[in-house]
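**Q** Before I ask anything, let me first share the structure, which is written out below as structure tokens.
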Amino acid sequence: MTNAREWIGKDFYRELGVSSDASPDEVKKAYRKLARENHPDANPGNAGAEQKFKAVSEAYGVLSDQEKRKEYDETRRLFGSGRPGGFGFPGGGGTGTGGVDFGDIFNQTSTASGGLGGLGDMLGNLFGRRGGGTTATRGQRGADVETDVRIDFTEAVKGATLPLRLSSPGACGTCGGNGAKPGTSPRTCPNCAGSGLVSRSQGAFAFSEPCRDCRGRGTIVDDPCPECGGEGISNRTRTLTVRIPAGVDDNQRIRLAGQGEPGRGGAATGDLYVRVHVNPHPVFGRSGNDLTITVPVEFSELVLGTTLTVPTLDAKVSLKVAPGTASGRVLRVRGKGITKRDGTQGDLLVTLQVVIPAKVDGKAKAALEKYAESVAKHDPRPEITALLRDRGA
Ligand SMILES: [Zn+2]
Ligand SMILES: [Zn+2]
């Protein structure tokens, strides 16, 4: 039982979303999927995903090792042995306090088996009101919430940290979410002994269903909190700090795990999705990780060649244009685009576009007429001329 101390309060099966009799293959599959979904590279700036990624890795570390898994199962069995129907390790979203008194259970267990004393002190704080354990169907997961933010083009490119004010249901501030009037606490439901589930037999089968007395919560509130009426949830205005990762796209959603509505009956909290709207820039555009800019040029600049000064997002670069460069040509300035947190870097794409003056006069007009005269013998569109000639024949 060397690892028992670390394992208390953790439900590795629930973390991976598998049943406690899952095969090694099922465990591996579940882990791979979750690790991929929550990998920090795929969720830049998302602390919730990072946390889940760590939790999933830890769970897999134990459940993939047959020796450790046996030891872990033993820990669960031992801690659950004091109460029929088993008990739940609190999951990630559990918020409540009170409820089942595991300190007592543990003390009984440790007296019976001996040698594990001392841990009982920790347990009182560790276990929340969740009771379903491996059945994991108890309560109702909190709803996901979506909100919008508007940021400037430059903030989207460089990343930004913004305060976000949200008015949404949250754990009630008056009772801390347990639904009981301040000064009182919920009591363990006597019907289900706090598990939130009761067994019902039908023929040869036994079913578990949510306890009707406590509506699956495992606890009963005698004196409801005046603020939330015993639901443990009330509308609150919260201010969150949201980190927008560099390179975020217009209309992209950022997921903040566990920042949505709280679950009912001790179930997991929903997620918050922040939809990012990016104000356009007067000069720059975007194409993936590349910044784009269109630079108007004179016809003569392209014909004779020139050196242009082109703005980058926060500085400028000199760009040589070779004589005889075509209009519409795109020049690439390496590394001056968007730098993402994973190190990938885009370029600045400069499109050269000839502007035609609406009117020329004086010296410019005279020179241009002279120019036209001197190229009169040159046909700039030989294919079209040829096609027209064939048709005319
Ligand atoms: Zn309340
Ligand atoms: Zn009950």
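FYI, nothing fancy with the structure tokens labels: chains A, B, ... in order, residues from 1 per chain, ligands from 1 as they appear.
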Fewer than 4 positions away in the same chain doesn't count, so skip those; otherwise give me all residues within 8 Å of Val157 (chain A), counting only C-alpha atoms, as a VMD selection string.

**A** chain A and resid 153 246 to 248 338 to 339

**Q** Write the residues of the selection above to a file with N, CA, C and O atoms, as a PDB file, in the first residue's frame.

**A**
ATOM      1  N   PHE A 153      -6.736  43.127 -34.101  1.00  0.00           N
ATOM      2  CA  PHE A 153      -5.911  42.290 -34.981  1.00  0.00           C
ATOM      3  C   PHE A 153      -4.543  42.003 -34.336  1.00  0.00           C
ATOM      4  O   PHE A 153      -4.093  40.861 -34.303  1.00  0.00           O
ATOM      5  N   ALA A 246      -1.407  33.373 -29.018  1.00  0.00           N
ATOM      6  CA  ALA A 246      -0.960  34.083 -30.213  1.00  0.00           C
ATOM      7  C   ALA A 246      -1.423  33.330 -31.458  1.00  0.00           C
ATOM      8  O   ALA A 246      -1.355  32.107 -31.506  1.00  0.00           O
ATOM      9  N   GLY A 247      -1.904  34.080 -32.429  1.00  0.00           N
ATOM     10  CA  GLY A 247      -2.291  33.452 -33.693  1.00  0.00           C
ATOM     11  C   GLY A 247      -3.732  32.978 -33.724  1.00  0.00           C
ATOM     12  O   GLY A 247      -4.119  32.257 -34.631  1.00  0.00           O
ATOM     13  N   VAL A 248      -4.530  33.384 -32.762  1.00  0.00           N
ATOM     14  CA  VAL A 248      -5.932  32.958 -32.748  1.00  0.00           C
ATOM     15  C   VAL A 248      -6.634  33.515 -33.989  1.00  0.00           C
ATOM     16  O   VAL A 248      -6.335  34.612 -34.451  1.00  0.00           O
ATOM     17  N   ILE A 338       3.142  35.377 -38.163  1.00  0.00           N
ATOM     18  CA  ILE A 338       2.649  35.090 -36.820  1.00  0.00           C
ATOM     19  C   ILE A 338       3.490  33.993 -36.180  1.00  0.00           C
ATOM     20  O   ILE A 338       3.705  32.941 -36.783  1.00  0.00           O
ATOM     21  N   THR A 339       3.954  34.262 -34.973  1.00  0.00           N
ATOM     22  CA  THR A 339       4.710  33.249 -34.248  1.00  0.00           C
ATOM     23  C   THR A 339       3.791  32.610 -33.232  1.00  0.00           C
ATOM     24  O   THR A 339       3.283  33.284 -32.345  1.00  0.00           O
TER      25      THR A 339
END

**Q** Around ligand 2, which protein and nucleic acid residues have at least one atom no more than 9 Å from it, if we count only C-alpha atoms and all ligand atoms? List them as a ChimeraX atom specification.

**A** /A:188-198,210-220

**Q** Within 10 Å of Thr292 (chain A), counting only C-alpha atoms, which residues show up once you throw out same-chain ones fewer than 2 positions away? Write them as a list in words, please.

**A**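 Within the cut-off, the hits are Val283, Phe284, Gly285, Arg286, Ser287, Gly288, Asn289, Asp290, Thr294, Val295, Thr312, Val330, Arg332, Gly337, Asp347, Leu348, Leu349, Val350 and Thr351 of chain A.
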
**Q** Could you list, as an mmCIF file with N, CA, C and O atoms, in the first residue's frame, all protein and nucleic acid residues with an atom at most 12 Å from ligand 1, counting only C-alpha atoms and all ligand atoms?

**A**
data_model
loop_
_atom_site.group_PDB
_atom_site.id
_atom_site.type_symbol
_atom_site.label_atom_id
_atom_site.label_comp_id
_atom_site.auth_asym_id
_atom_site.auth_seq_id
_atom_site.Cartn_x
_atom_site.Cartn_y
_atom_site.Cartn_z
ATOM 1 N N GLY A 96 -18.777 20.306 -3.544
ATOM 2 C CA GLY A 96 -19.426 20.383 -2.248
ATOM 3 C C GLY A 96 -18.517 20.013 -1.104
ATOM 4 O O GLY A 96 -17.441 19.472 -1.272
ATOM 5 N N PRO A 169 -24.762 30.998 -13.869
ATOM 6 C CA PRO A 169 -24.948 30.221 -12.660
ATOM 7 C C PRO A 169 -23.603 29.689 -12.180
ATOM 8 O O PRO A 169 -22.794 29.234 -12.980
ATOM 9 N N GLY A 170 -23.382 29.798 -10.901
ATOM 10 C CA GLY A 170 -22.147 29.291 -10.322
ATOM 11 C C GLY A 170 -22.475 28.739 -8.958
ATOM 12 O O GLY A 170 -23.615 28.847 -8.478
ATOM 13 N N ALA A 171 -21.494 28.133 -8.318
ATOM 14 C CA ALA A 171 -21.705 27.639 -6.967
ATOM 15 C C ALA A 171 -22.180 28.812 -6.121
ATOM 16 O O ALA A 171 -21.623 29.901 -6.169
ATOM 17 N N CYS A 172 -23.227 28.606 -5.374
ATOM 18 C CA CYS A 172 -23.822 29.686 -4.583
ATOM 19 C C CYS A 172 -22.808 30.240 -3.590
ATOM 20 O O CYS A 172 -22.142 29.499 -2.877
ATOM 21 N N GLY A 173 -22.701 31.581 -3.585
ATOM 22 C CA GLY A 173 -21.713 32.208 -2.713
ATOM 23 C C GLY A 173 -22.122 32.182 -1.255
ATOM 24 O O GLY A 173 -21.281 32.303 -0.363
ATOM 25 N N THR A 174 -23.405 32.039 -0.985
ATOM 26 C CA THR A 174 -23.876 32.086 0.400
ATOM 27 C C THR A 174 -23.626 30.760 1.117
ATOM 28 O O THR A 174 -23.179 30.722 2.246
ATOM 29 N N CYS A 175 -23.892 29.651 0.427
ATOM 30 C CA CYS A 175 -23.759 28.343 1.094
ATOM 31 C C CYS A 175 -22.535 27.591 0.578
ATOM 32 O O CYS A 175 -22.262 26.471 1.015
ATOM 33 N N GLY A 176 -21.822 28.182 -0.358
ATOM 34 C CA GLY A 176 -20.651 27.497 -0.895
ATOM 35 C C GLY A 176 -21.022 26.342 -1.803
ATOM 36 O O GLY A 176 -20.190 25.529 -2.174
ATOM 37 N N GLY A 177 -22.301 26.252 -2.138
ATOM 38 C CA GLY A 177 -22.712 25.238 -3.103
ATOM 39 C C GLY A 177 -23.342 23.999 -2.486
ATOM 40 O O GLY A 177 -23.803 23.133 -3.197
ATOM 41 N N ASN A 178 -23.362 23.910 -1.167
ATOM 42 C CA ASN A 178 -23.954 22.688 -0.598
ATOM 43 C C ASN A 178 -25.458 22.815 -0.349
ATOM 44 O O ASN A 178 -26.115 21.848 0.013
ATOM 45 N N GLY A 179 -26.013 24.022 -0.579
ATOM 46 C CA GLY A 179 -27.452 24.197 -0.518
ATOM 47 C C GLY A 179 -28.016 24.384 0.881
ATOM 48 O O GLY A 179 -29.202 24.627 1.048
ATOM 49 N N ALA A 180 -27.180 24.271 1.883
ATOM 50 C CA ALA A 180 -27.677 24.373 3.262
ATOM 51 C C ALA A 180 -27.533 25.801 3.776
ATOM 52 O O ALA A 180 -26.593 26.507 3.419
ATOM 53 N N LYS A 181 -28.504 26.219 4.599
ATOM 54 C CA LYS A 181 -28.456 27.539 5.198
ATOM 55 C C LYS A 181 -27.144 27.685 5.973
ATOM 56 O O LYS A 181 -26.722 26.748 6.663
ATOM 57 N N PRO A 182 -26.487 28.858 5.860
ATOM 58 C CA PRO A 182 -25.221 29.024 6.571
ATOM 59 C C PRO A 182 -25.369 28.687 8.058
ATOM 60 O O PRO A 182 -26.363 29.046 8.683
ATOM 61 N N GLY A 183 -24.435 27.961 8.574
ATOM 62 C CA GLY A 183 -24.501 27.528 9.976
ATOM 63 C C GLY A 183 -25.059 26.123 10.108
ATOM 64 O O GLY A 183 -24.934 25.501 11.157
ATOM 65 N N THR A 184 -25.699 25.622 9.047
ATOM 66 C CA THR A 184 -26.181 24.235 9.065
ATOM 67 C C THR A 184 -25.428 23.479 7.982
ATOM 68 O O THR A 184 -24.761 24.079 7.146
ATOM 69 N N SER A 185 -25.520 22.177 7.999
ATOM 70 C CA SER A 185 -24.925 21.430 6.891
ATOM 71 C C SER A 185 -25.868 20.324 6.453
ATOM 72 O O SER A 185 -26.717 19.873 7.224
ATOM 73 N N PRO A 186 -25.719 19.899 5.201
ATOM 74 C CA PRO A 186 -26.592 18.830 4.722
ATOM 75 C C PRO A 186 -26.272 17.546 5.483
ATOM 76 O O PRO A 186 -25.137 17.356 5.906
ATOM 77 N N VAL A 221 -30.928 18.340 2.556
ATOM 78 C CA VAL A 221 -30.813 19.653 3.179
ATOM 79 C C VAL A 221 -32.096 19.928 3.955
ATOM 80 O O VAL A 221 -33.171 19.976 3.371
ATOM 81 N N ASP A 223 -32.466 22.691 6.174
ATOM 82 C CA ASP A 223 -32.637 24.144 6.175
ATOM 83 C C ASP A 223 -32.039 24.697 4.898
ATOM 84 O O ASP A 223 -30.833 24.926 4.833
ATOM 85 N N PRO A 224 -32.850 24.911 3.862
ATOM 86 C CA PRO A 224 -32.240 25.355 2.602
ATOM 87 C C PRO A 224 -31.646 26.764 2.710
ATOM 88 O O PRO A 224 -32.140 27.598 3.473
ATOM 89 N N CYS A 225 -30.618 26.968 1.946
ATOM 90 C CA CYS A 225 -29.964 28.271 1.860
ATOM 91 C C CYS A 225 -30.944 29.269 1.267
ATOM 92 O O CYS A 225 -31.609 28.980 0.268
ATOM 93 N N PRO A 226 -31.103 30.462 1.881
ATOM 94 C CA PRO A 226 -32.092 31.427 1.374
ATOM 95 C C PRO A 226 -31.706 31.991 0.003
ATOM 96 O O PRO A 226 -32.567 32.389 -0.778
ATOM 97 N N GLU A 227 -30.451 32.000 -0.297
ATOM 98 C CA GLU A 227 -29.984 32.594 -1.555
ATOM 99 C C GLU A 227 -30.368 31.715 -2.761
ATOM 100 O O GLU A 227 -30.835 32.194 -3.779
ATOM 101 N N CYS A 228 -30.135 30.414 -2.634
ATOM 102 C CA CYS A 228 -30.299 29.536 -3.792
ATOM 103 C C CYS A 228 -31.444 28.548 -3.609
ATOM 104 O O CYS A 228 -31.674 27.709 -4.475
ATOM 105 N N GLY A 229 -32.152 28.639 -2.486
ATOM 106 C CA GLY A 229 -33.268 27.739 -2.252
ATOM 107 C C GLY A 229 -32.872 26.285 -2.134
ATOM 108 O O GLY A 229 -33.672 25.388 -2.376
ATOM 109 N N GLY A 230 -31.627 26.027 -1.790
ATOM 110 C CA GLY A 230 -31.188 24.648 -1.568
ATOM 111 C C GLY A 230 -30.563 24.003 -2.786
ATOM 112 O O GLY A 230 -30.061 22.894 -2.710
ATOM 113 N N GLU A 231 -30.576 24.716 -3.927
ATOM 114 C CA GLU A 231 -30.006 24.131 -5.155
ATOM 115 C C GLU A 231 -28.480 24.186 -5.156
ATOM 116 O O GLU A 231 -27.826 23.467 -5.903
ATOM 117 N N GLY A 232 -27.919 25.085 -4.370
ATOM 118 C CA GLY A 232 -26.457 25.204 -4.336
ATOM 119 C C GLY A 232 -25.904 26.008 -5.497
ATOM 120 O O GLY A 232 -24.703 26.123 -5.659
ATOM 121 N N ILE A 233 -26.817 26.546 -6.309
ATOM 122 C CA ILE A 233 -26.387 27.262 -7.511
ATOM 123 C C ILE A 233 -27.102 28.601 -7.577
ATOM 124 O O ILE A 233 -28.312 28.674 -7.343
ATOM 125 N N SER A 234 -26.399 29.659 -7.840
ATOM 126 C CA SER A 234 -27.061 30.942 -8.010
ATOM 127 C C SER A 234 -26.324 31.732 -9.081
ATOM 128 O O SER A 234 -25.189 31.430 -9.427
ATOM 129 N N ASN A 235 -27.009 32.758 -9.595
ATOM 130 C CA ASN A 235 -26.402 33.572 -10.643
ATOM 131 C C ASN A 235 -25.334 34.468 -10.045
ATOM 132 O O ASN A 235 -25.588 35.193 -9.104
ATOM 133 N N ARG A 236 -24.189 34.415 -10.620
ATOM 134 C CA ARG A 236 -23.109 35.225 -10.071
ATOM 135 C C ARG A 236 -22.366 35.892 -11.212
ATOM 136 O O ARG A 236 -22.302 35.378 -12.312
#

**Q** Mind giving me the straight-line distance from CA of Arg150 (chain A) to CA of Arg275 (chain A) in Å, one decimal?

**A**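 Between CA of Arg150 (chain A) and CA of Arg275 (chain A) the gap works out to 8.5 Å.
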
**Q** So that I can check the surroundings of Asp21 (chain A), please list as a PyMOL selection string every protein, DNA and RNA residue that reaches within 12 Å of it, counting only C-alpha atoms and ignoring chain neighbours fewer than 3 positions away.

**A** chain A and resi 13-14+17-18+24-27+63+69-70+73+134-135

**Q** Could you please take those selected residues and save all heavy atoms as an mmCIF file, in the first residue's frame?

**A**
data_model
loop_
_atom_site.group_PDB
_atom_site.id
_atom_site.type_symbol
_atom_site.label_atom_id
_atom_site.label_comp_id
_atom_site.auth_asym_id
_atom_site.auth_seq_id
_atom_site.Cartn_x
_atom_site.Cartn_y
_atom_site.Cartn_z
ATOM 1 N N TYR A 13 -10.302 5.429 -12.877
ATOM 2 C CA TYR A 13 -11.214 4.865 -13.873
ATOM 3 C C TYR A 13 -12.117 5.955 -14.437
ATOM 4 O O TYR A 13 -12.358 6.048 -15.621
ATOM 5 C CB TYR A 13 -12.060 3.752 -13.248
ATOM 6 C CG TYR A 13 -11.235 2.537 -12.888
ATOM 7 C CD1 TYR A 13 -10.940 2.229 -11.570
ATOM 8 C CD2 TYR A 13 -10.730 1.707 -13.897
ATOM 9 C CE1 TYR A 13 -10.171 1.125 -11.249
ATOM 10 C CE2 TYR A 13 -9.955 0.605 -13.582
ATOM 11 C CZ TYR A 13 -9.680 0.315 -12.257
ATOM 12 O OH TYR A 13 -8.920 -0.770 -11.951
ATOM 13 N N ARG A 14 -12.578 6.790 -13.536
ATOM 14 C CA ARG A 14 -13.463 7.856 -13.960
ATOM 15 C C ARG A 14 -12.700 8.857 -14.817
ATOM 16 O O ARG A 14 -13.204 9.363 -15.817
ATOM 17 C CB ARG A 14 -14.025 8.546 -12.715
ATOM 18 C CG ARG A 14 -15.103 9.514 -13.047
ATOM 19 C CD ARG A 14 -15.794 10.020 -11.807
ATOM 20 N NE ARG A 14 -16.825 10.933 -12.240
ATOM 21 C CZ ARG A 14 -16.585 12.179 -12.590
ATOM 22 N NH1 ARG A 14 -15.377 12.660 -12.535
ATOM 23 N NH2 ARG A 14 -17.561 12.957 -12.995
ATOM 24 N N GLY A 17 -12.640 7.502 -17.996
ATOM 25 C CA GLY A 17 -13.962 7.193 -18.529
ATOM 26 C C GLY A 17 -14.159 5.726 -18.860
ATOM 27 O O GLY A 17 -14.854 5.375 -19.804
ATOM 28 N N VAL A 18 -13.517 4.848 -18.106
ATOM 29 C CA VAL A 18 -13.690 3.407 -18.329
ATOM 30 C C VAL A 18 -14.245 2.776 -17.053
ATOM 31 O O VAL A 18 -14.178 3.365 -15.985
ATOM 32 C CB VAL A 18 -12.353 2.716 -18.708
ATOM 33 C CG1 VAL A 18 -11.827 3.267 -20.012
ATOM 34 C CG2 VAL A 18 -11.324 2.872 -17.600
ATOM 35 N N PRO A 24 -6.961 -4.060 -20.389
ATOM 36 C CA PRO A 24 -5.800 -3.192 -20.629
ATOM 37 C C PRO A 24 -5.915 -2.451 -21.961
ATOM 38 O O PRO A 24 -5.495 -1.304 -22.078
ATOM 39 C CB PRO A 24 -4.626 -4.176 -20.665
ATOM 40 C CG PRO A 24 -5.076 -5.323 -19.829
ATOM 41 C CD PRO A 24 -6.561 -5.434 -20.034
ATOM 42 N N ASP A 25 -6.523 -3.118 -22.933
ATOM 43 C CA ASP A 25 -6.674 -2.489 -24.245
ATOM 44 C C ASP A 25 -7.631 -1.304 -24.198
ATOM 45 O O ASP A 25 -7.385 -0.262 -24.799
ATOM 46 C CB ASP A 25 -7.197 -3.550 -25.232
ATOM 47 C CG ASP A 25 -6.562 -3.377 -26.589
ATOM 48 O OD1 ASP A 25 -5.323 -3.167 -26.632
ATOM 49 O OD2 ASP A 25 -7.301 -3.431 -27.586
ATOM 50 N N GLU A 26 -8.729 -1.489 -23.469
ATOM 51 C CA GLU A 26 -9.698 -0.397 -23.324
ATOM 52 C C GLU A 26 -9.076 0.796 -22.598
ATOM 53 O O GLU A 26 -9.312 1.938 -22.932
ATOM 54 C CB GLU A 26 -10.930 -0.890 -22.540
ATOM 55 C CG GLU A 26 -11.852 -1.773 -23.362
ATOM 56 C CD GLU A 26 -12.951 -2.407 -22.506
ATOM 57 O OE1 GLU A 26 -12.653 -2.851 -21.361
ATOM 58 O OE2 GLU A 26 -14.082 -2.462 -22.967
ATOM 59 N N VAL A 27 -8.271 0.469 -21.597
ATOM 60 C CA VAL A 27 -7.611 1.522 -20.828
ATOM 61 C C VAL A 27 -6.683 2.316 -21.742
ATOM 62 O O VAL A 27 -6.684 3.543 -21.753
ATOM 63 C CB VAL A 27 -6.812 0.908 -19.649
ATOM 64 C CG1 VAL A 27 -5.891 1.932 -19.019
ATOM 65 C CG2 VAL A 27 -7.774 0.347 -18.603
ATOM 66 N N LEU A 63 -3.048 2.604 -14.082
ATOM 67 C CA LEU A 63 -3.916 1.541 -14.597
ATOM 68 C C LEU A 63 -3.252 0.695 -15.694
ATOM 69 O O LEU A 63 -3.695 -0.411 -15.976
ATOM 70 C CB LEU A 63 -5.225 2.138 -15.128
ATOM 71 C CG LEU A 63 -6.095 2.849 -14.075
ATOM 72 C CD1 LEU A 63 -7.425 3.259 -14.669
ATOM 73 C CD2 LEU A 63 -6.312 1.988 -12.834
ATOM 74 N N ARG A 69 -2.074 -1.417 -10.689
ATOM 75 C CA ARG A 69 -3.528 -1.400 -10.794
ATOM 76 C C ARG A 69 -4.145 -2.272 -9.698
ATOM 77 O O ARG A 69 -5.146 -1.917 -9.093
ATOM 78 C CB ARG A 69 -3.956 -1.895 -12.182
ATOM 79 C CG ARG A 69 -5.466 -1.859 -12.385
ATOM 80 C CD ARG A 69 -5.839 -2.137 -13.820
ATOM 81 N NE ARG A 69 -7.291 -2.271 -13.961
ATOM 82 C CZ ARG A 69 -7.918 -2.518 -15.109
ATOM 83 N NH1 ARG A 69 -7.211 -2.648 -16.215
ATOM 84 N NH2 ARG A 69 -9.229 -2.632 -15.161
ATOM 85 N N LYS A 70 -3.521 -3.425 -9.447
ATOM 86 C CA LYS A 70 -4.015 -4.313 -8.401
ATOM 87 C C LYS A 70 -3.976 -3.614 -7.048
ATOM 88 O O LYS A 70 -4.915 -3.686 -6.255
ATOM 89 C CB LYS A 70 -3.154 -5.589 -8.349
ATOM 90 C CG LYS A 70 -3.914 -6.844 -8.765
ATOM 91 C CD LYS A 70 -3.013 -8.047 -8.834
ATOM 92 C CE LYS A 70 -2.737 -8.653 -7.462
ATOM 93 N NZ LYS A 70 -1.845 -9.815 -7.537
ATOM 94 N N ASP A 73 -6.701 -0.959 -6.970
ATOM 95 C CA ASP A 73 -8.014 -1.566 -6.762
ATOM 96 C C ASP A 73 -8.202 -1.953 -5.299
ATOM 97 O O ASP A 73 -9.278 -1.802 -4.728
ATOM 98 C CB ASP A 73 -8.179 -2.810 -7.652
ATOM 99 C CG ASP A 73 -8.348 -2.429 -9.119
ATOM 100 O OD1 ASP A 73 -8.653 -1.249 -9.396
ATOM 101 O OD2 ASP A 73 -8.157 -3.305 -9.985
ATOM 102 N N THR A 134 -17.839 4.467 -9.467
ATOM 103 C CA THR A 134 -17.605 3.892 -10.783
ATOM 104 C C THR A 134 -18.856 3.897 -11.662
ATOM 105 O O THR A 134 -18.748 3.749 -12.857
ATOM 106 C CB THR A 134 -17.115 2.448 -10.647
ATOM 107 O OG1 THR A 134 -18.030 1.775 -9.794
ATOM 108 C CG2 THR A 134 -15.736 2.407 -10.043
ATOM 109 N N THR A 135 -20.023 4.045 -11.082
ATOM 110 C CA THR A 135 -21.206 4.086 -11.927
ATOM 111 C C THR A 135 -21.242 5.380 -12.735
ATOM 112 O O THR A 135 -21.681 5.376 -13.869
ATOM 113 C CB THR A 135 -22.489 3.978 -11.088
ATOM 114 O OG1 THR A 135 -22.395 4.927 -10.039
ATOM 115 C CG2 THR A 135 -22.662 2.606 -10.527
#

**Q** Quick one: pick out all strand (DSSP E or B) residues within region 113-274 of chain A from a backbone DSSP run and write them as number ranges by chain.

**A** A: 140, 145-151, 160-171, 180, 187-188, 197-202, 205-210, 219-220, 224, 233-244, 253-256, 264, 272-274

**Q** Quick one: residues within 10 Å of region 140-147 of chain A, only C-alpha atoms, excluding same-chain residues fewer than 5 positions away - as a VMD selection string?

**A** chain A and resid 93 164 to 166 168 to 170 216 253 to 276

**Q** May I have all residues of region 153-240 of chain A that DSSP, computed from the backbone, assigns to alpha helix (DSSP H), given as number ranges by chain?

**A** A: 153-158

**Q** Those selected residues, please, written with C-alpha atoms and delivered as an mmCIF file, in the first residue's frame.

**A**
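This went into selection28.cif:
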data_model
loop_
_atom_site.group_PDB
_atom_site.id
_atom_site.type_symbol
_atom_site.label_atom_id
_atom_site.label_comp_id
_atom_site.auth_asym_id
_atom_site.auth_seq_id
_atom_site.Cartn_x
_atom_site.Cartn_y
_atom_site.Cartn_z
ATOM 1 C CA PHE A 153 -5.911 42.290 -34.981
ATOM 2 C CA THR A 154 -2.583 42.899 -33.242
ATOM 3 C CA GLU A 155 -3.800 41.208 -30.050
ATOM 4 C CA ALA A 156 -4.888 38.195 -32.065
ATOM 5 C CA VAL A 157 -1.488 37.963 -33.693
ATOM 6 C CA LYS A 158 0.550 38.408 -30.531
#
